[in-house]
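Enquirer: One file: target_24.cif (mmCIF, C-alpha atoms).
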```cif
data_model
loop_
_atom_site.group_PDB
_atom_site.id
_atom_site.type_symbol
_atom_site.label_atom_id
_atom_site.label_comp_id
_atom_site.auth_asym_id
_atom_site.auth_seq_id
_atom_site.Cartn_x
_atom_site.Cartn_y
_atom_site.Cartn_z
ATOM 1 C CA MET A 1 -22.041 -29.475 -72.373
ATOM 2 C CA SER A 2 -25.135 -28.047 -74.058
ATOM 3 C CA ASN A 3 -25.292 -31.057 -76.443
ATOM 4 C CA ALA A 4 -25.972 -33.373 -73.505
ATOM 5 C CA PHE A 5 -29.458 -31.886 -73.171
ATOM 6 C CA GLU A 6 -30.381 -31.282 -76.823
ATOM 7 C CA MET A 7 -32.552 -34.098 -78.133
ATOM 8 C CA ALA A 8 -32.355 -35.111 -81.793
ATOM 9 C CA MET A 9 -36.108 -35.756 -81.954
ATOM 10 C CA PRO A 10 -39.268 -34.928 -79.976
ATOM 11 C CA TRP A 11 -39.754 -36.701 -76.624
ATOM 12 C CA TRP A 12 -42.774 -38.664 -77.849
ATOM 13 C CA GLN A 13 -40.645 -40.393 -80.507
ATOM 14 C CA PHE A 14 -38.450 -41.822 -77.761
ATOM 15 C CA VAL A 15 -41.612 -43.092 -76.078
ATOM 16 C CA TRP A 16 -43.052 -44.885 -79.093
ATOM 17 C CA ARG A 17 -39.628 -46.175 -80.166
ATOM 18 C CA GLY A 18 -39.014 -47.517 -76.647
ATOM 19 C CA VAL A 19 -42.411 -49.230 -76.524
ATOM 20 C CA ALA A 20 -42.059 -50.627 -80.058
ATOM 21 C CA GLY A 21 -38.494 -51.809 -79.404
ATOM 22 C CA TYR A 22 -39.504 -53.551 -76.194
ATOM 23 C CA LEU A 23 -42.512 -55.290 -77.760
ATOM 24 C CA ALA A 24 -40.472 -56.342 -80.809
ATOM 25 C CA ALA A 25 -37.744 -57.793 -78.569
ATOM 26 C CA VAL A 26 -40.313 -59.715 -76.468
ATOM 27 C CA PHE A 27 -41.934 -61.063 -79.633
ATOM 28 C CA MET A 28 -38.614 -62.136 -81.165
ATOM 29 C CA MET A 29 -37.387 -63.762 -77.954
ATOM 30 C CA ARG A 30 -40.697 -65.617 -77.690
ATOM 31 C CA ILE A 31 -40.212 -66.954 -81.221
ATOM 32 C CA VAL A 32 -36.629 -68.028 -80.497
ATOM 33 C CA GLY A 33 -37.860 -70.319 -77.741
ATOM 34 C CA LYS A 34 -37.484 -71.156 -74.098
ATOM 35 C CA ARG A 35 -34.018 -72.695 -74.133
ATOM 36 C CA SER A 36 -32.404 -69.332 -74.776
ATOM 37 C CA PHE A 37 -33.302 -68.181 -71.283
ATOM 38 C CA GLY A 38 -32.645 -71.317 -69.278
ATOM 39 C CA ASP A 39 -29.326 -72.666 -70.482
ATOM 40 C CA MET A 40 -27.420 -69.825 -72.097
ATOM 41 C CA SER A 41 -24.217 -70.687 -73.876
ATOM 42 C CA THR A 42 -21.434 -68.251 -74.700
ATOM 43 C CA PHE A 43 -22.963 -67.819 -78.157
ATOM 44 C CA ASP A 44 -26.396 -67.012 -76.683
ATOM 45 C CA ILE A 45 -24.844 -64.298 -74.502
ATOM 46 C CA ILE A 46 -22.996 -62.805 -77.484
ATOM 47 C CA VAL A 47 -26.229 -62.699 -79.501
ATOM 48 C CA LEU A 48 -28.051 -61.065 -76.581
ATOM 49 C CA VAL A 49 -25.397 -58.342 -76.266
ATOM 50 C CA LEU A 50 -25.433 -57.701 -80.019
ATOM 51 C CA VAL A 51 -29.231 -57.529 -80.058
ATOM 52 C CA GLY A 52 -29.100 -54.955 -77.267
ATOM 53 C CA GLY A 53 -26.648 -52.805 -79.200
ATOM 54 C CA VAL A 54 -28.662 -52.934 -82.402
ATOM 55 C CA LEU A 55 -31.923 -52.321 -80.541
ATOM 56 C CA ARG A 56 -30.392 -49.268 -78.883
ATOM 57 C CA ASN A 57 -29.821 -47.751 -82.316
ATOM 58 C CA SER A 58 -33.444 -48.445 -83.258
ATOM 59 C CA ILE A 59 -34.725 -46.770 -80.120
ATOM 60 C CA VAL A 60 -32.582 -43.658 -79.723
ATOM 61 C CA GLY A 61 -31.122 -43.340 -83.216
ATOM 62 C CA HIS A 62 -28.355 -40.738 -83.371
ATOM 63 C CA ASP A 63 -29.508 -39.005 -80.212
ATOM 64 C CA GLY A 64 -26.836 -38.633 -77.565
ATOM 65 C CA SER A 65 -28.822 -36.559 -75.114
ATOM 66 C CA PHE A 66 -29.193 -37.443 -71.477
ATOM 67 C CA GLN A 67 -32.973 -37.217 -71.340
ATOM 68 C CA GLY A 68 -33.551 -39.059 -74.660
ATOM 69 C CA GLY A 69 -32.110 -42.271 -73.254
ATOM 70 C CA LEU A 70 -33.959 -41.819 -69.975
ATOM 71 C CA ILE A 71 -37.278 -41.318 -71.760
ATOM 72 C CA ALA A 72 -36.702 -44.456 -73.856
ATOM 73 C CA VAL A 73 -35.756 -46.569 -70.823
ATOM 74 C CA ALA A 74 -38.716 -45.238 -68.818
ATOM 75 C CA SER A 75 -41.004 -46.147 -71.727
ATOM 76 C CA MET A 76 -39.633 -49.685 -71.874
ATOM 77 C CA LEU A 77 -39.981 -50.146 -68.116
ATOM 78 C CA ALA A 78 -43.538 -48.800 -68.192
ATOM 79 C CA THR A 79 -44.370 -51.170 -71.052
ATOM 80 C CA ASP A 80 -42.907 -54.066 -69.076
ATOM 81 C CA ARG A 81 -45.058 -53.177 -66.062
ATOM 82 C CA ALA A 82 -48.161 -52.824 -68.244
ATOM 83 C CA LEU A 83 -47.508 -56.181 -69.895
ATOM 84 C CA ALA A 84 -47.010 -57.815 -66.470
ATOM 85 C CA TRP A 85 -50.243 -56.212 -65.241
ATOM 86 C CA VAL A 86 -52.205 -57.593 -68.196
ATOM 87 C CA CYS A 87 -50.555 -61.031 -67.841
ATOM 88 C CA THR A 88 -51.590 -61.307 -64.185
ATOM 89 C CA ARG A 89 -55.211 -60.540 -65.083
ATOM 90 C CA SER A 90 -55.558 -62.592 -68.263
ATOM 91 C CA PRO A 91 -54.461 -66.253 -68.234
ATOM 92 C CA TRP A 92 -54.950 -66.433 -72.009
ATOM 93 C CA PHE A 93 -52.692 -63.429 -72.624
ATOM 94 C CA ASN A 94 -50.118 -64.754 -70.143
ATOM 95 C CA ARG A 95 -49.947 -68.080 -72.031
ATOM 96 C CA PHE A 96 -49.590 -66.125 -75.285
ATOM 97 C CA VAL A 97 -46.707 -64.028 -73.922
ATOM 98 C CA GLU A 98 -44.903 -66.676 -71.857
ATOM 99 C CA GLY A 99 -45.890 -69.866 -73.644
ATOM 100 C CA ARG A 100 -46.677 -73.250 -72.138
ATOM 101 C CA PRO A 101 -44.397 -75.779 -70.504
ATOM 102 C CA THR A 102 -43.139 -78.605 -72.709
ATOM 103 C CA VAL A 103 -43.138 -82.131 -71.299
ATOM 104 C CA LEU A 104 -39.760 -83.735 -71.973
ATOM 105 C CA VAL A 105 -40.058 -86.949 -69.938
ATOM 106 C CA HIS A 106 -43.261 -88.706 -68.909
ATOM 107 C CA ASP A 107 -43.255 -91.726 -66.601
ATOM 108 C CA GLY A 108 -39.565 -92.482 -67.122
ATOM 109 C CA GLU A 109 -39.711 -92.250 -70.928
ATOM 110 C CA LEU A 110 -38.304 -89.453 -73.049
ATOM 111 C CA VAL A 111 -41.147 -87.944 -75.086
ATOM 112 C CA PRO A 112 -40.257 -88.582 -78.747
ATOM 113 C CA GLY A 113 -39.075 -85.407 -80.464
ATOM 114 C CA ALA A 114 -39.569 -83.195 -77.378
ATOM 115 C CA LEU A 115 -35.926 -82.128 -77.054
ATOM 116 C CA GLU A 116 -35.714 -81.365 -80.776
ATOM 117 C CA ARG A 117 -38.934 -79.293 -80.734
ATOM 118 C CA VAL A 118 -37.494 -76.960 -78.108
ATOM 119 C CA SER A 119 -33.922 -77.062 -79.502
ATOM 120 C CA LEU A 120 -32.558 -78.514 -76.282
ATOM 121 C CA PRO A 121 -29.392 -80.579 -76.732
ATOM 122 C CA LYS A 122 -29.321 -83.898 -74.891
ATOM 123 C CA ALA A 123 -26.139 -82.745 -73.119
ATOM 124 C CA ALA A 124 -27.998 -79.748 -71.638
ATOM 125 C CA PHE A 125 -30.833 -82.027 -70.517
ATOM 126 C CA ARG A 126 -28.322 -84.412 -68.896
ATOM 127 C CA ARG A 127 -26.766 -81.441 -67.052
ATOM 128 C CA ALA A 128 -30.201 -80.590 -65.678
ATOM 129 C CA LEU A 129 -30.564 -84.186 -64.495
ATOM 130 C CA HIS A 130 -27.162 -84.068 -62.823
ATOM 131 C CA THR A 131 -28.068 -80.778 -61.144
ATOM 132 C CA GLU A 132 -30.987 -82.619 -59.536
ATOM 133 C CA GLY A 133 -28.653 -85.470 -58.507
ATOM 134 C CA MET A 134 -30.120 -87.893 -61.030
ATOM 135 C CA GLU A 135 -28.504 -90.139 -63.613
ATOM 136 C CA ASP A 136 -31.318 -92.264 -65.037
ATOM 137 C CA ILE A 137 -34.319 -90.950 -66.968
ATOM 138 C CA GLY A 138 -36.248 -93.973 -65.709
ATOM 139 C CA ASP A 139 -36.328 -92.400 -62.223
ATOM 140 C CA ILE A 140 -38.312 -89.401 -63.484
ATOM 141 C CA SER A 141 -42.072 -89.123 -63.169
ATOM 142 C CA ILE A 142 -42.206 -85.963 -65.270
ATOM 143 C CA ALA A 143 -39.695 -83.444 -66.591
ATOM 144 C CA ARG A 144 -40.835 -80.188 -68.160
ATOM 145 C CA LEU A 145 -39.173 -77.268 -69.831
ATOM 146 C CA GLU A 146 -40.938 -74.340 -68.197
ATOM 147 C CA PRO A 147 -41.800 -71.115 -70.044
ATOM 148 C CA ASN A 148 -38.969 -69.354 -68.170
ATOM 149 C CA GLY A 149 -36.415 -71.813 -69.619
ATOM 150 C CA ARG A 150 -35.853 -73.851 -66.468
ATOM 151 C CA ILE A 151 -36.212 -77.616 -66.432
ATOM 152 C CA THR A 152 -38.436 -78.961 -63.663
ATOM 153 C CA ILE A 153 -37.884 -82.596 -62.721
ATOM 154 C CA ILE A 154 -40.222 -84.621 -60.501
ATOM 155 C CA ARG A 155 -38.894 -87.953 -59.291
ATOM 156 C CA LYS A 156 -40.927 -91.133 -59.196
ATOM 157 C CA HIS A 157 -42.088 -92.089 -55.695
#
```
Any chance you could give the structure as structure tokens?
Expert:
Amino acid sequence: MSNAFEMAMPWWQFVWRGVAGYLAAVFMMRIVGKRSFGDMSTFDIIVLVLVGGVLRNSIVGHDGSFQGGLIAVASMLATDRALAWVCTRSPWFNRFVEGRPTVLVHDGELVPGALERVSLPKAAFRRALHTEGMEDIGDISIARLEPNGRITIIRKH
């Protein structure tokens, strides 16, 4: 029972590892692109679970203590709150962290190369159309892939 409370490293290492792990994960997910969040396939979920397992090792190492994990999680949550605080006060930083929406369809025409640039298969785009009760791209005024991975579709009037 005594091993549950013996940390393998000083508390401050859990803090900096938690902060660094969180920021690295945000950066890597930002590079991967928006589609990963909006239309997750089975493979995307598997990758996400594996990333979490590997990241855990980077953050807590061989530590199996109760408080080591709590310190790391608290550090990641505090970093998330700090990042959200900065994003709400700086539009430039928010665009840097979240990205910009990508226009996929404009005035009933598919923007050339837009789906390829964001790695969005046409089948996934068609599913988004069907979700909105639409069949024809010509009925769309604008369709955008939002920074959160969702596809917003505005019909023509």
Enquirer: List the residues selected by the PyMOL selection byres ((chain A and resi 19-21) around 12) in the file shown, writing them as number ranges by chain.
Expert: A: 12-18, 22-28, 51-61, 71-83
Enquirer: Please write as a PDB file with C-alpha atoms, in the coordinates of the input the full residue list that the PyMOL selection byres ((chain A and resi 68) around 9) yields on this file.
Expert:
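Final output, saved to result-v9.pdb:
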```
ATOM      1  CA  PHE A   5     -29.458 -31.886 -73.171  1.00  0.00           C
ATOM      2  CA  GLU A   6     -30.381 -31.282 -76.823  1.00  0.00           C
ATOM      3  CA  MET A   7     -32.552 -34.098 -78.133  1.00  0.00           C
ATOM      4  CA  ALA A   8     -32.355 -35.111 -81.793  1.00  0.00           C
ATOM      5  CA  MET A   9     -36.108 -35.756 -81.954  1.00  0.00           C
ATOM      6  CA  PRO A  10     -39.268 -34.928 -79.976  1.00  0.00           C
ATOM      7  CA  TRP A  11     -39.754 -36.701 -76.624  1.00  0.00           C
ATOM      8  CA  PHE A  14     -38.450 -41.822 -77.761  1.00  0.00           C
ATOM      9  CA  VAL A  60     -32.582 -43.658 -79.723  1.00  0.00           C
ATOM     10  CA  ASP A  63     -29.508 -39.005 -80.212  1.00  0.00           C
ATOM     11  CA  GLY A  64     -26.836 -38.633 -77.565  1.00  0.00           C
ATOM     12  CA  SER A  65     -28.822 -36.559 -75.114  1.00  0.00           C
ATOM     13  CA  PHE A  66     -29.193 -37.443 -71.477  1.00  0.00           C
ATOM     14  CA  GLN A  67     -32.973 -37.217 -71.340  1.00  0.00           C
ATOM     15  CA  GLY A  69     -32.110 -42.271 -73.254  1.00  0.00           C
ATOM     16  CA  LEU A  70     -33.959 -41.819 -69.975  1.00  0.00           C
ATOM     17  CA  ILE A  71     -37.278 -41.318 -71.760  1.00  0.00           C
ATOM     18  CA  ALA A  72     -36.702 -44.456 -73.856  1.00  0.00           C
ATOM     19  CA  VAL A  73     -35.756 -46.569 -70.823  1.00  0.00           C
TER      20      VAL A  73
END
```
Enquirer: Starting from the shown file, work through the PyMOL selection byres ((chain A and resi 102) around 10) and note down what comes out as JSON, numbers by chain.
Expert: {"A": [34, 99, 100, 101, 103, 104, 105, 111, 114, 115, 117, 118, 143, 144, 145, 146, 147, 151]}
Enquirer: Counting all atoms listed in the file, figure out which residue out of A:Val97, A:Ile46, A:Ala4, A:Ile153 gets nearest to A:Ala128.
Expert: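 Answer, going by the shortest atom-to-atom distance: A:Ile153.
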Enquirer: Take atom CA of A:Met29 and atom CA of A:Ser119 and report the distance between them in Å, one decimal.
Expert: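 Separation of atom CA of A:Met29 and atom CA of A:Ser119: 13.8 Å.
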Enquirer: Hey, what's within 10 Å of A:Asp107 if we count all atoms listed in the file and toss same-chain stuff fewer than 4 positions away? As a list in words, please?
Expert: Val111, Ile137, Gly138, Asp139, Ile140, Ser141, Ile142, Ala143, Ile154, Arg155 and Lys156 of chain A
Enquirer: Between A:Gly113, A:His157, A:Thr152, A:Ala124, which residue has the minimum interatomic distance to A:Ser41, considering only C-alpha atoms?
Expert: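 Among the listed residues, the smallest separation from A:Ser41 belongs to A:Ala124.
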Enquirer: Which of these, A:Glu135, A:Cys87, A:Thr42, A:Asn94, has the shortest distance to A:Gly108 once you count all atoms listed in the file?
Expert: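 Smallest distance to A:Gly108 is found for A:Glu135.
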Enquirer: Could you tell me how far atom CA of A:Asn148 sits from atom CA of A:Gly133, in Å to one decimal place?
Expert: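 According to the coordinates, atom CA of A:Gly133 and atom CA of A:Asn148 are separated by 21.4 Å.
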Enquirer: To one decimal place in Å, what is the distance between atom CA of A:Leu50 and atom CA of A:Val32?
Expert: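 For atom CA of A:Leu50 relative to atom CA of A:Val32, the distance reads 15.2 Å.
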